[in-house]
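Working notes, structure below.
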Amino acid sequence: MKVKKTNYISLKESRQIIKYNIQQMKHYEALKRRNVEPIEYTVKMKNPNNIIEIDNLKTCFFTDNGTVMSVNGVSFDIPKNSIVGVVGESGCGKSVTSLSIMQLVQSPQGQIIDGQIRFNTDEVSLDEKGNKLAYDITKMPTQHMYNIRGKDITMIFQEPMTSLNPVFTIGYQLDEVSFIHNPEIQKEEAKKHSIEMLNKVGISMPERVYSSYPHELSGGMRQRVMIAMALAGNPKLIIADEPTTALDVTIQAQILELLKDLQKKEGCSIMLITHDLGVIAEMADYVVVMYAGKVIEKGTAKEIFHNPMHPYTIGLQKSKPLITSNSNEPLYSIPGQVPSPINLPNNCYFKGRCTKCINKCNGEYPKEIKVSDTHYVSCYLYEESEE
Amino acid sequence: MANETTFEKDIILEVKNLKKYFPIERSFFGKPIKFLRAVDNVSFTLERGKTIGIVGESGCGKTTLGRTILKLYDNDGGQILFKGNDITNISSSQMRKYRTQMQLIFQDPYSSLPPRMTIGNIISEAVKVHNIVPKEEVLEYVLDIMDKCGLQQSYFDRYPHEFSGGQRQRICIARALAVKPELVICDEPVSALDVSIQAQIINLLKELQIKNNLTYMFISHDLSVVKYITDQIMVMYLGNVMEYGDTDEIFDNPLHPYTKALFSAVPVPDPDFKMNRIILSGDIPSPANPPLGCKFHTRCKECMNVCKFKEPEYLEVKPNHFVNCHLFNEEVMNNLEEYDRQYEEMLAQEKEEENNE
């Protein structure tokens with residue numbers, strides 16, 4: 001397709017796009033068969049100590065304005081028993097990555113078109129060579145996914161106001177989790193389990209909360225209920241999608257403390273999605289920085305915060321005023337805006353906003369460069385030092 | 001109303017004991033019988049060219065305070081002096097001449113721009129209504145304002161939906177500044193924006209302040225931004241001022257237990273930084289049914305018996321540093337035993353009443 005100056009689309013082009021979209025959507029929907037043998041989506045783990053390995057994941061949305069590559073070749077691992085922070089601006093694909101893990105991408109417009117998400121489960125063990133086997137979530141049939149979603153992988157959403165059902169009591173919604181994943185359980189047992197969960201997340205009067213409706217609770221309490229719901233199935237991975245953005249600072253501190261404690265006690269992993277670098281620094285062991293659907297830098301929290309390499313990461317850290325500093329100089333600001341996600345050029349997406357551009361930047365999208373065992377960066381500035 | 005000292009320091013805004021109560025329950029004949037005290041006894045003074053920051057959690061009355069000062073809400077007591085003139089009880093037609101001097105920038109740039117007007121119309125509308133410049137010069141004047149706010153001239157004929165959040169916030173700023181205001185009330189101007197765009201807008205606001213000698217009232221819950229941009233800070237909790245003073249003084253030496261907890265709750269982007277975090281237990285009490293005595297006592301770590309029934313006084317502990325807490329009231333601290341006895345008496349009385357019933 002030609003690169004155009006305006007985003008105006010003629011009727012002819014619009015028809016072409018819609019025709020193309022229907023064709024693509026039919027193609028990918030047809031791939032989602034119902035009866036798939038488990039052997040077809042069983043793959044080998046690279047490292048048995050990871051709970052999730054995301055490998056070259058590509059998720060796109062077929063919209064009327066063209067194909068939006070929301071996640072464009074993302075790879076990172078979530079080790080067992082750790083907190084991985086994913087940070088980036090709005091529209092950079094952090095939420096779509098998490099929805100892809102849960103198989104919750106809005107279909108048929110949204111499709112995972114390439115890549116693997118390897119989920120390390122106990123259902124399959126070692127193969128004959130001693131490699132740990134895992135399930136590939138991208139190829140898993142929906143029926144099987146029901147058993148994993150809400151039990152092994154759970155999610156805490158951003159808006160505690162809208163993610164609870166207003167017409168059912170908290171207790172009903174919590175019990176539901178137990179009933180779905182354990183059909184034989186008795187009603188009394190489910191209630192006992194739910195109250196235990198509410199106790200775990202620090203709710204002082206669990207019996208009263210159990211029988212109340214969501215509107216009777218404050219924002220912080222609702223987020224605690226959401227966490228209780230996420231914990232109900234003894235998950236291996238909790239995806240927390242901006243869990244504290246809608247909350248006040250003092251409540252945010254409570255919730256973060258709670259998440260940290262629970263992670264240690266329960267021994268699960270947390271994938272923490274946020275745009276607040278402060279929250280990431282406080283919580284995460286590993287950090288993944290995303291920009292326009294790509295991972296531009298990843299590493300341990302110490303590496304990212306003390307030795308940021310990519311100009312975008314450096315800019316992000318400099319552009320936030322610190323509560324600990326007293327300087328009055330103008331803030332560093334990254335010029336320009338995030339590029340439109342439709343028809344991105346095949347060079348570094350940050351090129352237009354970068355202040356350290358070199359000649360090479362006009363070329364293809366830079367490959368991932370290894371700085372240390374855990375630290376990777378996608379930028380031409382560091383390529384020569386490697387060779 | 002103007003007195004001499006007001007002019008010496010060039011005080012642009014003075015608020016004295018401002019109150020705003022919303023009726024929440026009415027009697028059979030429509031007379032309000034129960035109130036929500038959104039803003040209760042707030043006083044501060046603001047000099048020209050300075051910035052005051054209003055911080056606090058949601059529901060503490062920050063936005064109501066800003067709107068009451070602009071007289072978008074009628075106040076229920078107290079005084080507002082704008083440039084030495086009492087504007088507390090003037091009519092809306094009299095208020096009109098002050099409207100151009102006080103402007104508001106809203107939080108959400110997505111819903112505060114009319115979708116059917118072009119950028120040029122949005123910015124020039126108020127200029128035409130208030131006759132800021134002669135008719136022939138309006139176009140030139142608007143283009144100049146747009147240029148100052150970092151908007152290209154080609155945007156003049158475009159519609160708001162064509163712009164991103166950061167650009168829209170620039171349009172909102174341009175619209176507010178087009179009528180040459182002296183006081184701008186910024187109601188969470190950056191909280192809906194991404195981090196990298198936030199810095200652009202904060203820098204723009206600061207630059208414009210120096211160029212046009214503007215006075216800002218900056219309402220925000222983001223403490224690091226407030227610390228960066230303001231000269232004075234007012235910490236609010238359930239409609240009351242908890243602490244008020246110069247920014248540096250308050251951040252270096254917070255006195256009120258709530259201020260301490262609030263500052264310690266801000267996450268710092270450094271994994272090695274260990275802060276002695278004070279975790280507040282519980283939630284903010286409902287503003288419709290606030291606790292007796294000090295409003296913060298239900299969550300306070302240093303709560304004493306006296307806090308539970310006696311409202312603290314608003315005292316100037318150091319020059320220009322006001323605190324609303326019993327801990328810093330010598331009269332109360334010296335007579336603690338006396339107050340403990342009063343509290344026990346009160347409890348006993350309550351019990352008796354219960355028994356009688």
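Each chain in the structure tokens gets a letter, A, B and so on, in the order shown; residues start at 1 in every chain, and ligands are counted from 1 in the order they appear.
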* To do: Could you tell me, as a ChimeraX atom specification, which residues of stretch 81-317 of chain A DSSP assigns to strand (DSSP E) when given the backbone?
  => /A:83-87,110-119,133-136,153-156,237-241,269-274,286-291,294-300
Which chain A residues have any atom within 8 Å of an atom of chain B, and for each, what is the nearest pair of atoms with distance in Å to one decimal, counting only C-alpha atoms, rows sorted by chain and number, as a tab-separated table?
residue	atom	partner	partner_atom	distance
A:Glu89	CA	B:Asp194	CA	5.9
A:Ser90	CA	B:Asp194	CA	6.8
A:Ser218	CA	B:Asp283	CA	7.5
A:Gly220	CA	B:Asp283	CA	7.3
A:Asp248	CA	B:Glu57	CA	5.7
A:Val249	CA	B:Ala265	CA	6.0
A:Thr250	CA	B:Ala265	CA	5.7
A:Ile251	CA	B:Asp283	CA	7.4
A:Gln252	CA	B:Ala265	CA	7.8
A:Ala253	CA	B:Ala265	CA	5.5
A:Gln254	CA	B:Ile279	CA	6.3
A:His275	CA	B:Val195	CA	7.7
A:Leu277	CA	B:Pro269	CA	5.4
A:Gly278	CA	B:Pro269	CA	3.9
A:Val279	CA	B:Pro267	CA	5.6
A:Ile280	CA	B:Pro269	CA	7.3
A:Ala281	CA	B:Pro271	CA	4.7
A:Glu282	CA	B:Pro271	CA	5.8
A:Ala301	CA	B:Pro271	CA	6.7
A:Lys302	CA	B:Pro271	CA	6.3
A:Phe305	CA	B:Asp270	CA	6.3
A:His306	CA	B:Asp270	CA	8.0
A:Gly315	CA	B:Ser196	CA	7.7
A:Leu316	CA	B:Ser196	CA	6.2
A:Gln317	CA	B:Pro269	CA	7.9
A:Ser319	CA	B:Ala199	CA	5.6
A:Lys320	CA	B:Ala199	CA	6.8
A:Pro321	CA	B:Ser224	CA	5.7
A:Leu322	CA	B:Ser224	CA	5.5
A:Ile323	CA	B:Ser224	CA	4.6
A:Thr324	CA	B:Val268	CA	7.9
A:Asn326	CA	B:Tyr228	CA	7.7
A:Ser327	CA	B:Tyr228	CA	7.7
A:Asn328	CA	B:Tyr228	CA	6.7
A:Pro330	CA	B:Asn203	CA	6.2
A:Leu331	CA	B:Ala199	CA	6.1
A:Tyr332	CA	B:Ala199	CA	6.8
A:Ser333	CA	B:Ala199	CA	5.2
A:Ile334	CA	B:Ser196	CA	5.7
A:Pro335	CA	B:Gln200	CA	7.8
A:Gln337	CA	B:Ile197	CA	7.7
* To do: Return as a ChimeraX atom specification the full set of residues in stretch 129-223 of chain B whose backbone-based DSSP assignment is alpha helix (DSSP H).
  => /B:129,138-148,165-177,195-212,223
* Residue with smallest distance to B:Tyr339 - pool B:Arg96, B:Arg116, B:His326, B:Lys135, counting only C-alpha atoms ->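 Ranking B:Arg96, B:Arg116, B:His326, B:Lys135 by distance to B:Tyr339, first place goes to B:His326.
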* **Selection near A:Asn81, 12 Å with only C-alpha atoms, sequence-local residues under 4 positions removed, as a list in words** =>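 Once the adjacent positions are removed, what remains is Asn49, Asn50, Ile51, Ile52, Pro235, Lys236, Leu237, Ile238, Lys260, Leu262, Gln263, Lys264, Lys265, Glu266, Gly267, Cys268, Ser269, Ile270, Met271, Ala284, Asp285 and Tyr286 of chain A.
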Hey, could you make a per-residue contact list for stretch 18-122 of chain A against stretch 353-377 of chain A with 12 Å as the cut-off, showing the nearest pair of atoms and its distance in Å to one decimal, counting only C-alpha atoms, sorted by chain and number, as a tab-separated table?
residue	atom	partner	partner_atom	distance
A:Asn56	CA	A:Glu368	CA	11.9
A:Asn72	CA	A:Tyr365	CA	11.5
A:Gly73	CA	A:Lys367	CA	11.2
A:Val74	CA	A:Glu368	CA	10.9
A:Ser75	CA	A:Glu368	CA	10.2
A:Phe76	CA	A:Tyr376	CA	10.2
A:Asp77	CA	A:Thr374	CA	10.5
A:Pro79	CA	A:Thr374	CA	11.8
* Asked: Which residue, B:Tyr237, B:Phe218, B:Tyr314, B:Phe328, has the smallest gap to B:Gln107 when you use only C-alpha atoms?
  ->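 Checking each of B:Tyr237, B:Phe218, B:Tyr314, B:Phe328 against B:Gln107, counting only C-alpha atoms, the winner is B:Phe218.
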* Asked: In Å, how far is it from atom CA of A:Gln106 to atom CA of A:Phe119?
  ->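 Spanning atom CA of A:Gln106 to atom CA of A:Phe119 is a straight-line distance of 20.9 Å.
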* **Spatial neighbours of stretch 12-21 of chain B, max dist 9 Å, only C-alpha atoms, sep filter under 6 positions, as a ChimeraX atom specification** => /B:6,35-49,64-65,68-69,73-84,182-183,215,239
